[in-house]
$ cat my_file36.txt   # compact mmCIF, C-alpha atoms and all ligand atoms
# COMPACT_ATOMS: atom_id res chain seq x y z
CA MET A 1 -6.80 15.81 -17.68
CA LYS A 2 -7.62 13.49 -14.79
CA LYS A 3 -5.96 10.08 -14.71
CA THR A 4 -8.11 6.94 -15.02
CA ALA A 5 -8.05 3.96 -12.64
CA LEU A 6 -9.67 0.60 -13.35
CA ILE A 7 -10.55 -1.40 -10.24
CA THR A 8 -11.89 -4.94 -10.53
CA GLY A 9 -14.16 -6.18 -7.74
CA ALA A 10 -15.27 -2.75 -6.56
CA THR A 11 -18.66 -3.85 -5.21
CA SER A 12 -17.27 -4.70 -1.79
CA GLY A 13 -14.39 -4.67 0.67
CA ILE A 14 -10.92 -3.67 -0.49
CA GLY A 15 -11.92 -2.79 -4.06
CA ARG A 16 -14.75 -0.59 -2.92
CA ALA A 17 -12.47 1.24 -0.46
CA ILE A 18 -9.82 1.76 -3.16
CA ALA A 19 -12.47 3.17 -5.52
CA GLY A 20 -13.63 5.63 -2.85
CA ARG A 21 -10.09 6.71 -2.07
CA LEU A 22 -8.99 7.12 -5.69
CA ALA A 23 -12.11 9.20 -6.43
CA LYS A 24 -10.98 11.55 -3.64
CA GLU A 25 -7.43 11.50 -5.04
CA GLY A 26 -8.81 12.89 -8.31
CA TYR A 27 -8.94 9.78 -10.52
CA ARG A 28 -11.72 8.96 -13.00
CA LEU A 29 -12.88 5.43 -12.32
CA VAL A 30 -13.77 2.30 -14.22
CA ILE A 31 -15.26 -0.01 -11.60
CA THR A 32 -16.30 -3.61 -12.09
CA GLY A 33 -18.10 -6.46 -10.36
CA ARG A 34 -20.88 -8.96 -11.00
CA ARG A 35 -23.51 -7.49 -8.68
CA ARG A 36 -25.18 -4.89 -10.89
CA GLU A 37 -27.33 -3.19 -8.24
CA ARG A 38 -24.40 -2.73 -5.86
CA LEU A 39 -22.10 -1.50 -8.59
CA GLU A 40 -24.68 1.02 -9.77
CA GLU A 41 -25.28 2.24 -6.21
CA ILE A 42 -21.52 2.74 -5.68
CA SER A 43 -21.18 4.36 -9.08
CA LYS A 44 -23.96 6.81 -8.21
CA GLU A 45 -22.33 7.65 -4.88
CA LEU A 46 -18.88 8.20 -6.43
CA SER A 47 -20.28 10.18 -9.35
CA ALA A 48 -20.72 13.06 -6.89
CA VAL A 49 -16.90 13.15 -6.69
CA THR A 50 -15.60 12.02 -10.10
CA GLU A 51 -16.56 10.51 -13.45
CA VAL A 52 -17.38 6.80 -13.11
CA LEU A 53 -17.89 4.02 -15.66
CA PRO A 54 -19.44 0.93 -14.03
CA LEU A 55 -19.03 -2.35 -15.93
CA VAL A 56 -20.87 -5.48 -14.86
CA PHE A 57 -19.06 -8.66 -15.89
CA ASP A 58 -17.41 -11.80 -14.55
CA VAL A 59 -13.58 -11.77 -14.74
CA ARG A 60 -13.66 -15.56 -15.22
CA ARG A 61 -15.24 -15.16 -18.65
CA LEU A 62 -12.68 -14.19 -21.26
CA GLU A 63 -15.37 -13.17 -23.77
CA GLU A 64 -16.88 -10.76 -21.21
CA VAL A 65 -13.47 -9.31 -20.27
CA GLU A 66 -12.71 -8.73 -23.96
CA LYS A 67 -16.20 -7.36 -24.67
CA PHE A 68 -16.07 -4.78 -21.86
CA LEU A 69 -12.39 -3.97 -21.31
CA GLY A 70 -11.24 -4.62 -24.88
CA HIS A 71 -13.83 -2.18 -26.22
CA LEU A 72 -13.89 0.67 -23.73
CA PRO A 73 -15.60 3.88 -24.91
CA ALA A 74 -13.08 6.21 -26.62
CA GLN A 75 -12.77 8.60 -23.66
CA TRP A 76 -12.05 5.69 -21.28
CA GLN A 77 -9.40 3.82 -23.23
CA GLU A 78 -6.31 5.20 -21.51
CA ILE A 79 -6.07 3.30 -18.25
CA ASP A 80 -3.33 4.77 -16.04
CA VAL A 81 -3.87 2.52 -13.03
CA LEU A 82 -5.10 -1.08 -13.00
CA VAL A 83 -6.04 -2.63 -9.66
CA ASN A 84 -6.38 -6.40 -10.05
CA ASN A 85 -8.45 -6.89 -6.93
CA ALA A 86 -11.37 -9.23 -7.80
CA GLY A 87 -10.80 -12.48 -5.97
CA LEU A 88 -11.98 -14.87 -3.33
CA ALA A 89 -11.32 -17.81 -1.07
CA ALA A 90 -13.89 -20.61 -1.11
CA GLY A 91 -13.76 -23.26 1.60
CA LEU A 92 -11.18 -24.15 4.24
CA GLU A 93 -10.91 -27.91 3.95
CA PRO A 94 -8.12 -30.46 3.58
CA LEU A 95 -7.41 -31.29 -0.07
CA GLN A 96 -8.91 -34.75 0.26
CA SER A 97 -12.33 -33.31 1.08
CA GLY A 98 -12.18 -29.98 -0.77
CA LEU A 99 -15.01 -29.08 -3.13
CA ILE A 100 -13.96 -29.12 -6.77
CA ASP A 101 -16.35 -26.24 -7.50
CA ASP A 102 -14.57 -24.11 -4.85
CA TRP A 103 -11.21 -24.88 -6.46
CA GLU A 104 -12.44 -23.96 -9.94
CA ARG A 105 -13.89 -20.66 -8.69
CA MET A 106 -10.64 -19.67 -6.97
CA ILE A 107 -8.34 -20.70 -9.82
CA ASP A 108 -10.59 -19.16 -12.48
CA THR A 109 -11.01 -15.87 -10.61
CA ASN A 110 -7.74 -15.29 -8.76
CA VAL A 111 -5.40 -16.54 -11.49
CA LYS A 112 -7.17 -16.70 -14.84
CA GLY A 113 -9.32 -13.60 -14.21
CA LEU A 114 -6.25 -11.56 -13.26
CA LEU A 115 -4.50 -12.83 -16.41
CA TYR A 116 -7.45 -12.05 -18.72
CA VAL A 117 -7.80 -8.50 -17.37
CA SER A 118 -4.04 -7.84 -17.47
CA ARG A 119 -3.72 -9.25 -21.01
CA THR A 120 -6.42 -6.81 -22.14
CA ILE A 121 -5.13 -3.67 -20.37
CA LEU A 122 -1.32 -4.04 -20.49
CA PRO A 123 -0.89 -3.53 -24.27
CA GLY A 124 -2.33 0.02 -23.97
CA MET A 125 -0.04 0.84 -21.04
CA ILE A 126 2.92 -0.56 -22.96
CA ALA A 127 2.06 1.47 -26.08
CA ARG A 128 1.90 4.64 -23.95
CA CYS A 129 4.96 3.65 -21.84
CA LYS A 130 2.95 4.61 -18.78
CA GLY A 131 0.98 2.85 -16.09
CA HIS A 132 0.83 1.33 -12.63
CA VAL A 133 -0.56 -2.14 -11.92
CA PHE A 134 -1.57 -3.23 -8.43
CA ASN A 135 -2.11 -6.94 -7.84
CA LEU A 136 -3.94 -8.02 -4.69
CA GLY A 137 -1.87 -10.91 -3.44
CA SER A 138 -2.06 -12.08 0.15
CA ILE A 139 -0.01 -13.35 3.06
CA ALA A 140 -1.44 -16.62 1.66
CA GLY A 141 0.82 -16.05 -1.36
CA LYS A 142 3.90 -15.85 0.85
CA GLU A 143 3.09 -18.68 3.27
CA THR A 144 0.92 -21.78 3.22
CA TYR A 145 -1.48 -22.57 6.03
CA MET A 146 -3.48 -25.59 7.10
CA ASN A 147 -6.47 -26.18 4.81
CA GLY A 148 -5.58 -23.10 2.75
CA ASN A 149 -4.23 -25.35 -0.06
CA VAL A 150 -5.85 -24.06 -3.27
CA TYR A 151 -6.39 -20.47 -2.09
CA CYS A 152 -2.72 -20.29 -1.03
CA ALA A 153 -1.69 -21.77 -4.39
CA THR A 154 -3.67 -19.12 -6.31
CA LYS A 155 -2.07 -16.33 -4.29
CA HIS A 156 1.39 -17.87 -4.77
CA ALA A 157 0.55 -17.69 -8.48
CA VAL A 158 -0.27 -13.98 -8.08
CA ASP A 159 3.09 -13.52 -6.34
CA SER A 160 4.88 -15.17 -9.25
CA LEU A 161 2.86 -13.34 -11.92
CA SER A 162 3.59 -10.01 -10.21
CA LYS A 163 7.31 -10.74 -10.50
CA SER A 164 6.95 -11.73 -14.18
CA MET A 165 4.88 -8.65 -14.96
CA ARG A 166 7.47 -6.42 -13.30
CA MET A 167 10.27 -7.87 -15.46
CA GLU A 168 8.26 -7.82 -18.67
CA CYS A 169 6.99 -4.25 -18.11
CA LEU A 170 10.41 -2.95 -17.09
CA PRO A 171 11.37 -1.48 -20.50
CA TYR A 172 8.11 0.51 -20.60
CA GLY A 173 8.38 2.31 -17.28
CA ILE A 174 5.28 0.59 -15.89
CA LYS A 175 5.19 0.11 -12.13
CA VAL A 176 3.94 -3.19 -10.68
CA THR A 177 3.04 -3.27 -7.00
CA GLN A 178 1.83 -6.39 -5.24
CA ILE A 179 -0.05 -5.82 -1.98
CA CYS A 180 -0.17 -8.85 0.34
CA PRO A 181 -2.46 -8.27 3.31
CA GLY A 182 -3.14 -10.40 6.34
CA ALA A 183 -6.67 -10.34 7.77
CA VAL A 184 -8.86 -7.57 6.34
CA GLU A 185 -12.48 -7.50 7.54
CA THR A 186 -14.58 -7.50 4.36
CA GLU A 187 -17.02 -10.00 2.84
CA PHE A 188 -14.02 -12.29 2.28
CA SER A 189 -14.84 -14.76 5.09
CA ASN A 190 -18.59 -14.68 4.37
CA VAL A 191 -17.73 -15.83 0.84
CA ARG A 192 -15.10 -18.32 2.06
CA PHE A 193 -17.63 -19.97 4.42
CA HIS A 194 -20.37 -20.03 1.77
CA GLY A 195 -22.57 -17.47 3.53
CA ASP A 196 -22.11 -18.73 7.12
CA ASP A 197 -21.97 -15.20 8.57
CA GLU A 198 -21.51 -16.33 12.18
CA ARG A 199 -18.41 -18.36 11.29
CA ALA A 200 -17.16 -15.42 9.23
CA ALA A 201 -17.60 -12.95 12.10
CA ASN A 202 -15.63 -15.26 14.43
CA VAL A 203 -12.53 -14.87 12.24
CA TYR A 204 -12.19 -11.23 13.32
CA LYS A 205 -13.08 -11.60 17.02
CA GLY A 206 -10.54 -10.70 19.70
CA PHE A 207 -8.27 -8.45 17.63
CA THR A 208 -8.44 -5.44 15.37
CA PRO A 209 -8.27 -6.54 11.73
CA LEU A 210 -7.27 -4.32 8.83
CA LYS A 211 -10.01 -2.42 7.01
CA GLY A 212 -10.36 -1.97 3.27
CA GLU A 213 -9.46 1.69 3.83
CA ASP A 214 -6.03 0.65 5.20
CA ILE A 215 -5.25 -1.02 1.87
CA ALA A 216 -6.66 1.99 -0.01
CA ASP A 217 -4.24 4.23 1.96
CA LEU A 218 -1.33 2.10 0.69
CA VAL A 219 -2.50 2.33 -2.91
CA ALA A 220 -2.77 6.12 -2.60
CA TYR A 221 0.67 6.27 -0.97
CA CYS A 222 2.23 4.28 -3.84
CA LEU A 223 0.51 6.42 -6.45
CA ASN A 224 1.81 9.60 -4.84
CA LEU A 225 5.46 8.49 -4.89
CA PRO A 226 7.87 10.21 -7.32
CA SER A 227 7.98 8.59 -10.78
CA HIS A 228 11.39 7.01 -10.10
CA VAL A 229 10.20 5.22 -6.93
CA CYS A 230 8.12 2.02 -6.88
CA LEU A 231 7.08 -0.11 -3.93
CA ASN A 232 7.28 -3.54 -5.54
CA ASP A 233 5.87 -5.77 -2.84
CA ILE A 234 4.04 -4.90 0.36
CA VAL A 235 3.17 -7.32 3.16
CA VAL A 236 0.72 -5.57 5.46
CA MET A 237 -0.70 -7.14 8.59
CA PRO A 238 -2.91 -6.20 11.51
CA THR A 239 -0.59 -5.41 14.43
CA ALA A 240 -2.14 -8.42 16.20
CA GLN A 241 -1.14 -10.83 13.41
CA ALA A 242 2.46 -12.05 13.02
CA ASN A 243 1.96 -14.39 10.05
CA SER A 244 -0.82 -16.47 8.58
CA GLY A 245 -1.21 -18.63 11.69
CA ASN A 246 -0.21 -16.48 14.67
CA PHE A 247 -2.69 -13.99 16.09
CA HIS A 248 -2.74 -12.23 19.45
CA LYS A 249 -6.43 -12.55 20.28
CA VAL A 250 -8.04 -11.32 23.49
CA LEU A 251 -11.40 -13.07 23.67
P1 LIG B 301 -14.79 -9.16 -0.83
O1 LIG B 301 -15.50 -10.45 -0.92
O2 LIG B 301 -15.32 -8.13 0.10
O3 LIG B 301 -14.68 -8.51 -2.29
C1 LIG B 301 -14.35 -9.27 -3.41
C2 LIG B 301 -14.66 -8.49 -4.68
O4 LIG B 301 -14.28 -9.28 -5.81
C3 LIG B 301 -16.13 -8.17 -4.83
O5 LIG B 301 -16.27 -6.86 -5.33
C4 LIG B 301 -16.61 -9.17 -5.86
O6 LIG B 301 -17.66 -8.61 -6.64
C5 LIG B 301 -15.36 -9.33 -6.73
N1 LIG B 301 -15.37 -10.59 -7.46
C6 LIG B 301 -15.28 -11.86 -6.94
N2 LIG B 301 -15.38 -12.76 -7.93
C7 LIG B 301 -15.51 -12.06 -9.09
C8 LIG B 301 -15.68 -12.44 -10.45
N3 LIG B 301 -15.70 -13.72 -10.83
N4 LIG B 301 -15.81 -11.47 -11.38
C9 LIG B 301 -15.78 -10.17 -11.00
N5 LIG B 301 -15.63 -9.75 -9.74
C10 LIG B 301 -15.52 -10.69 -8.80
O7 LIG B 301 -13.28 -9.52 -0.47
P2 LIG B 301 -11.98 -8.61 -0.27
O8 LIG B 301 -12.27 -7.19 -0.54
O9 LIG B 301 -11.40 -8.98 1.01
O10 LIG B 301 -11.05 -9.22 -1.41
C11 LIG B 301 -10.43 -8.45 -2.42
C12 LIG B 301 -9.11 -9.10 -2.79
O11 LIG B 301 -8.23 -9.03 -1.68
C13 LIG B 301 -9.19 -10.57 -3.16
O12 LIG B 301 -8.33 -10.82 -4.26
C14 LIG B 301 -8.69 -11.30 -1.92
O13 LIG B 301 -8.14 -12.56 -2.20
C15 LIG B 301 -7.64 -10.31 -1.44
N6 LIG B 301 -7.28 -10.41 -0.04
C16 LIG B 301 -8.21 -10.30 0.94
C17 LIG B 301 -7.83 -10.40 2.28
C18 LIG B 301 -8.81 -10.37 3.41
O14 LIG B 301 -8.44 -10.78 4.53
N7 LIG B 301 -10.03 -9.86 3.22
C19 LIG B 301 -6.42 -10.56 2.64
C20 LIG B 301 -5.54 -10.70 1.53
C21 LIG B 301 -5.95 -10.58 0.24
P3 LIG B 301 -18.98 -9.36 -7.14
O15 LIG B 301 -19.31 -10.41 -6.12
O16 LIG B 301 -19.99 -8.26 -7.23
O17 LIG B 301 -18.61 -9.91 -8.47
C1 LIG B 302 -6.70 -13.49 2.94
C2 LIG B 302 -5.89 -13.65 4.17
O1 LIG B 302 -4.93 -15.38 5.79
O2 LIG B 302 -7.27 -15.61 5.19
O3 LIG B 302 -5.92 -13.62 1.80
O4 LIG B 302 -5.56 -16.18 3.63
S1 LIG B 302 -5.92 -15.29 4.71

$ encode --input "my_file36.txt" --output "C-alpha cells"
Amino acid sequence: MKKTALITGATSGIGRAIAGRLAKEGYRLVITGRRRERLEEISKELSAVTEVLPLVFDVRRLEEVEKFLGHLPAQWQEIDVLVNNAGLAAGLEPLQSGLIDDWERMIDTNVKGLLYVSRTILPGMIARCKGHVFNLGSIAGKETYMNGNVYCATKHAVDSLSKSMRMECLPYGIKVTQICPGAVETEFSNVRFHGDDERAANVYKGFTPLKGEDIADLVAYCLNLPSHVCLNDIVVMPTAQANSGNFHKVL
C-alpha cells in the first residue's frame, strides 16, 4: 500500500514542487490551497503519476480545516507525511507603519493555520505511532532582519513549535523536521509586495536563488533515511546568501 502525504499550500512554489516530487517518490497525495482552478490543474497533472485528493480551503479557518481534514474520506484517513507549508510574508515595513491586515494574515496563516492543521492530523499519527511532519520555517525564524518584524516573529514561532512537537511526539516515534530556507524564488515576494511583480523580481536579481525543487529534494532525502535517523532542523541557503542580510550579488 502506498504511503499518503498531505501538503498544505500546494498551488505554488515550494508546496507544488514537494507535491510533484512525492508523487514521483510513490506517495498518494492530499494537496490543499485556496485557488481552486490551480489546485485542480495540479491535481489533474499529478493524477497521471499517483492518486490525488485536492482540497480547497483556507488554513486560517478552523471550521474549514476541521471540515476537510477532520473528515477525510475513509481511504485517505491515514496520513503518513504532513508538510505544513502554507504560509506567506506580507509587507516589509517598520512596525510603526506596518499594515494591521498584513500582520493578521501572517499570524493567522503561518502560526494559527499550522496549529489547526497539526491539531487535526497529529492524533491519527499518534494513534498509529507512525508519521513524519515537515514544518516550513525560514532563515527568518533563526534571525531577525530589518522590517521583517512580524514575518520573522511568525517563523520564530514555527521554530519553537517544531521543537515542542518533536518533544511531544517523541514517545510515538513520529519524526519532526523543520526546513528553514533562505531565498527561494517562488510567488513569495509577489505576495509579500502585494502583487508588485517588478519589485518581487528584483529580490532575485544578481544571484542564483533556491528553487522549490531544491526544498523538495531535501524532503525526499529525509523521507528516504532509515527509520532510526531524523534530520531535525535544516537551514538551507543559496550559495550566494550567507544569512538573512548578506548576499553576494553580481548586478
Ligand atoms: P508561494 O507564495 O509560492 O506559495 C505559498 C502557498 O501557500 C500557496 O500554495 C498558497 O496557496 C498557500 N497559502 C497561503 N495562504 C494560505 C491560506 N490561508 N490557506 C491555504 N493555503 C495558503 O510561497 P513559497 O512556496 O515560497 O512559500 C511556502 C512556504 O515556505 C511558506 O511557509 C513560506 O513562509 C516558506 N518560505 C519561503 C521562502 C522563500 O524565499 N520563498 C523561504 C523560507 C520559507 P493559495 O494562495 O492557493 O491558498
Ligand atoms: C523567506 C526568506 O529571508 O525573505 O522566509 O525572510 S526571507

$ residues_around --input "my_file36.txt" --residues "A:Ser138" --least-positions-apart "6" --cutoff "7 Å" --atoms "all atoms listed in the file" --output "NGL selection string"
:A and (155 or 179-182)

$ atom_distance --input "my_file36.txt" --atom1 "atom CA of A:Gly33" --atom2 "atom C9 of ligand LIG 301 (chain B)"
4.4 Å

$ axis_aligned_box --input "my_file36.txt" --around "ligand LIG 302 (chain B)" --padding-each-side "4 Å" --output "lines of an AutoDock Vina configuration file"
center_x = -6.1
center_y = -14.8
center_z = 3.8
size_x = 10.3
size_y = 10.7
size_z = 12.0

$ closest_atom_pairs --input "my_file36.txt" --of "chain A" --to "ligand LIG 301 (chain B)" --cutoff "8 Å" --atoms "all atoms listed in the file" --output "Markdown table"
| residue | atom | partner | partner_atom | distance |
| --- | --- | --- | --- | --- |
| A:Thr8 | CA | B:LIG301 | N5 | 6.1 |
| A:Gly9 | CA | B:LIG301 | O5 | 3.3 |
| A:Ala10 | CA | B:LIG301 | O5 | 4.4 |
| A:Thr11 | CA | B:LIG301 | O5 | 3.8 |
| A:Ser12 | CA | B:LIG301 | O5 | 4.3 |
| A:Gly13 | CA | B:LIG301 | O8 | 3.5 |
| A:Ile14 | CA | B:LIG301 | O8 | 3.8 |
| A:Gly15 | CA | B:LIG301 | O8 | 5.6 |
| A:Arg16 | CA | B:LIG301 | O5 | 6.9 |
| A:Thr32 | CA | B:LIG301 | N5 | 6.6 |
| A:Gly33 | CA | B:LIG301 | O17 | 4.0 |
| A:Arg34 | CA | B:LIG301 | O17 | 3.5 |
| A:Arg35 | CA | B:LIG301 | O16 | 3.9 |
| A:Arg36 | CA | B:LIG301 | O16 | 7.2 |
| A:Arg38 | CA | B:LIG301 | O16 | 7.2 |
| A:Leu39 | CA | B:LIG301 | O16 | 7.2 |
| A:Val56 | CA | B:LIG301 | C9 | 7.9 |
| A:Phe57 | CA | B:LIG301 | C9 | 6.1 |
| A:Asp58 | CA | B:LIG301 | N4 | 3.6 |
| A:Val59 | CA | B:LIG301 | N4 | 4.0 |
| A:Arg60 | CA | B:LIG301 | N3 | 5.2 |
| A:Arg61 | CA | B:LIG301 | N3 | 8.0 |
| A:Asn84 | CA | B:LIG301 | O12 | 7.5 |
| A:Asn85 | CA | B:LIG301 | C12 | 4.7 |
| A:Ala86 | CA | B:LIG301 | O4 | 3.5 |
| A:Gly87 | CA | B:LIG301 | O12 | 3.4 |
| A:Leu88 | CA | B:LIG301 | O13 | 4.6 |
| A:Ala89 | CA | B:LIG301 | O13 | 6.2 |
| A:Arg105 | CA | B:LIG301 | N3 | 7.5 |
| A:Asp108 | CA | B:LIG301 | N3 | 7.6 |
| A:Thr109 | CA | B:LIG301 | N3 | 5.2 |
| A:Asn110 | CA | B:LIG301 | O12 | 6.4 |
| A:Gly113 | CA | B:LIG301 | N3 | 7.2 |
| A:Leu136 | CA | B:LIG301 | O12 | 5.2 |
| A:Gly137 | CA | B:LIG301 | C21 | 5.5 |
| A:Ser138 | CA | B:LIG301 | C20 | 4.0 |
| A:Ile139 | CA | B:LIG301 | C20 | 6.3 |
| A:Ala140 | CA | B:LIG301 | C20 | 7.2 |
| A:Lys155 | CA | B:LIG301 | O13 | 7.4 |
| A:Ile179 | CA | B:LIG301 | C21 | 7.9 |
| A:Cys180 | CA | B:LIG301 | C20 | 5.8 |
| A:Pro181 | CA | B:LIG301 | C20 | 4.3 |
| A:Gly182 | CA | B:LIG301 | C19 | 4.9 |
| A:Ala183 | CA | B:LIG301 | O14 | 3.7 |
| A:Val184 | CA | B:LIG301 | O14 | 3.7 |
| A:Glu185 | CA | B:LIG301 | N7 | 5.5 |
| A:Thr186 | CA | B:LIG301 | O2 | 4.4 |
| A:Glu187 | CA | B:LIG301 | O2 | 3.7 |
| A:Phe188 | CA | B:LIG301 | O7 | 4.0 |
| A:Ser189 | CA | B:LIG301 | N7 | 7.1 |
| A:Asn190 | CA | B:LIG301 | O1 | 7.4 |
| A:Val191 | CA | B:LIG301 | O1 | 6.1 |
| A:Leu210 | CA | B:LIG301 | O14 | 7.8 |
| A:Gly212 | CA | B:LIG301 | O8 | 6.7 |

$ residues_around --input "my_file36.txt" --residues "A:Pro73" --least-positions-apart "5" --cutoff "12 Å" --atoms "all atoms listed in the file" --output "compact mmCIF listing (two decimals) with C-alpha atoms, in the coordinates of the input"
# COMPACT_ATOMS: atom_id res chain seq x y z
CA VAL A 30 -13.77 2.30 -14.22
CA LEU A 53 -17.89 4.02 -15.66
CA PRO A 54 -19.44 0.93 -14.03
CA LEU A 55 -19.03 -2.35 -15.93
CA LYS A 67 -16.20 -7.36 -24.67
CA PHE A 68 -16.07 -4.78 -21.86
CA GLU A 78 -6.31 5.20 -21.51
CA ILE A 79 -6.07 3.30 -18.25

$ closest_residue --input "my_file36.txt" --among "A:Ala240, A:Met1, A:Ala127, A:Leu231" --to "A:Gln75" --atoms "only C-alpha atoms"
A:Met1

$ residues_around --input "my_file36.txt" --residues "A:Ser162" --least-positions-apart "2" --cutoff "9 Å" --atoms "only C-alpha atoms" --output "MDAnalysis selection string"
chainID A and resid 134:135 137 157:160 164:167 176:178 232:233

$ closest_residue --input "my_file36.txt" --among "A:Thr50, A:Thr144, A:Gln77, A:Ser43" --to "A:Asn243" --atoms "only C-alpha atoms"
A:Thr144

$ residues_around --input "my_file36.txt" --residues "A:Leu82" --least-positions-apart "4" --cutoff "10 Å" --atoms "all atoms listed in the file" --output "PDB file with C-alpha atoms, in the coordinates of the input"
ATOM      1  CA  THR A   4      -8.110   6.940 -15.020  1.00  0.00           C
ATOM      2  CA  ALA A   5      -8.050   3.960 -12.640  1.00  0.00           C
ATOM      3  CA  LEU A   6      -9.670   0.600 -13.350  1.00  0.00           C
ATOM      4  CA  ILE A   7     -10.550  -1.400 -10.240  1.00  0.00           C
ATOM      5  CA  THR A   8     -11.890  -4.940 -10.530  1.00  0.00           C
ATOM      6  CA  VAL A  30     -13.770   2.300 -14.220  1.00  0.00           C
ATOM      7  CA  VAL A 117      -7.800  -8.500 -17.370  1.00  0.00           C
ATOM      8  CA  SER A 118      -4.040  -7.840 -17.470  1.00  0.00           C
ATOM      9  CA  ILE A 121      -5.130  -3.670 -20.370  1.00  0.00           C
ATOM     10  CA  LEU A 122      -1.320  -4.040 -20.490  1.00  0.00           C
ATOM     11  CA  MET A 125      -0.040   0.840 -21.040  1.00  0.00           C
ATOM     12  CA  GLY A 131       0.980   2.850 -16.090  1.00  0.00           C
ATOM     13  CA  HIS A 132       0.830   1.330 -12.630  1.00  0.00           C
ATOM     14  CA  VAL A 133      -0.560  -2.140 -11.920  1.00  0.00           C
ATOM     15  CA  PHE A 134      -1.570  -3.230  -8.430  1.00  0.00           C
ATOM     16  CA  ASN A 135      -2.110  -6.940  -7.840  1.00  0.00           C
ATOM     17  CA  VAL A 176       3.940  -3.190 -10.680  1.00  0.00           C
TER      18      VAL A 176
END

$ closest_residue --input "my_file36.txt" --among "A:Val250, A:Ala216, A:Val52, A:Met106" --to "ligand LIG 302 (chain B)" --atoms "all atoms listed in the file"
A:Met106

$ atom_distance --input "my_file36.txt" --atom1 "atom CA of A:Ser227" --atom2 "atom CA of A:Leu69"
26.1 Å

$ atom_distance --input "my_file36.txt" --atom1 "atom CA of A:Glu143" --atom2 "atom CA of A:Val83"
22.5 Å

$ closest_residue --input "my_file36.txt" --among "A:Phe207, A:Tyr27, A:Phe247, A:Tyr145" --to "A:Glu93" --atoms "only C-alpha atoms"
A:Tyr145

$ closest_residue --input "my_file36.txt" --among "A:Ser47, A:Asn147, A:Thr239, A:Thr120" --to "A:Ala90" --atoms "only C-alpha atoms"
A:Asn147

$ closest_residue --input "my_file36.txt" --among "A:Leu92, A:Val219, A:Leu114, A:Leu62" --to "ligand LIG 302 (chain B)" --atoms "all atoms listed in the file"
A:Leu92

$ build_atoms --input "my_file36.txt" --residues "stretch 199-203 of chain A" --atoms "all heavy atoms" --output "mmCIF file, in the coordinates of the input"
data_model
loop_
_atom_site.group_PDB
_atom_site.id
_atom_site.type_symbol
_atom_site.label_atom_id
_atom_site.label_comp_id
_atom_site.auth_asym_id
_atom_site.auth_seq_id
_atom_site.Cartn_x
_atom_site.Cartn_y
_atom_site.Cartn_z
ATOM 1 N N ARG A 199 -19.783 -17.831 11.386
ATOM 2 C CA ARG A 199 -18.410 -18.360 11.290
ATOM 3 C C ARG A 199 -17.470 -17.283 10.754
ATOM 4 O O ARG A 199 -16.336 -17.140 11.211
ATOM 5 C CB ARG A 199 -18.405 -19.591 10.372
ATOM 6 C CG ARG A 199 -17.089 -20.320 10.399
ATOM 7 C CD ARG A 199 -17.156 -21.660 9.695
ATOM 8 N NE ARG A 199 -15.822 -22.245 9.623
ATOM 9 C CZ ARG A 199 -15.440 -23.164 8.759
ATOM 10 N NH1 ARG A 199 -16.312 -23.649 7.881
ATOM 11 N NH2 ARG A 199 -14.212 -23.626 8.762
ATOM 12 N N ALA A 200 -17.980 -16.500 9.811
ATOM 13 C CA ALA A 200 -17.160 -15.420 9.230
ATOM 14 C C ALA A 200 -16.828 -14.381 10.294
ATOM 15 O O ALA A 200 -15.668 -13.956 10.421
ATOM 16 C CB ALA A 200 -17.907 -14.781 8.066
ATOM 17 N N ALA A 201 -17.812 -13.990 11.086
ATOM 18 C CA ALA A 201 -17.600 -12.950 12.100
ATOM 19 C C ALA A 201 -16.577 -13.411 13.128
ATOM 20 O O ALA A 201 -15.776 -12.621 13.647
ATOM 21 C CB ALA A 201 -18.923 -12.589 12.767
ATOM 22 N N ASN A 202 -16.562 -14.711 13.431
ATOM 23 C CA ASN A 202 -15.630 -15.260 14.430
ATOM 24 C C ASN A 202 -14.167 -15.071 14.034
ATOM 25 O O ASN A 202 -13.298 -14.975 14.895
ATOM 26 C CB ASN A 202 -15.887 -16.756 14.620
ATOM 27 C CG ASN A 202 -16.967 -16.967 15.655
ATOM 28 O OD1 ASN A 202 -17.174 -16.120 16.524
ATOM 29 N ND2 ASN A 202 -17.683 -18.076 15.544
ATOM 30 N N VAL A 203 -13.913 -15.014 12.729
ATOM 31 C CA VAL A 203 -12.530 -14.870 12.240
ATOM 32 C C VAL A 203 -11.901 -13.597 12.797
ATOM 33 O O VAL A 203 -10.708 -13.541 13.070
ATOM 34 C CB VAL A 203 -12.519 -14.845 10.689
ATOM 35 C CG1 VAL A 203 -11.137 -14.509 10.138
ATOM 36 C CG2 VAL A 203 -13.020 -16.174 10.109
#
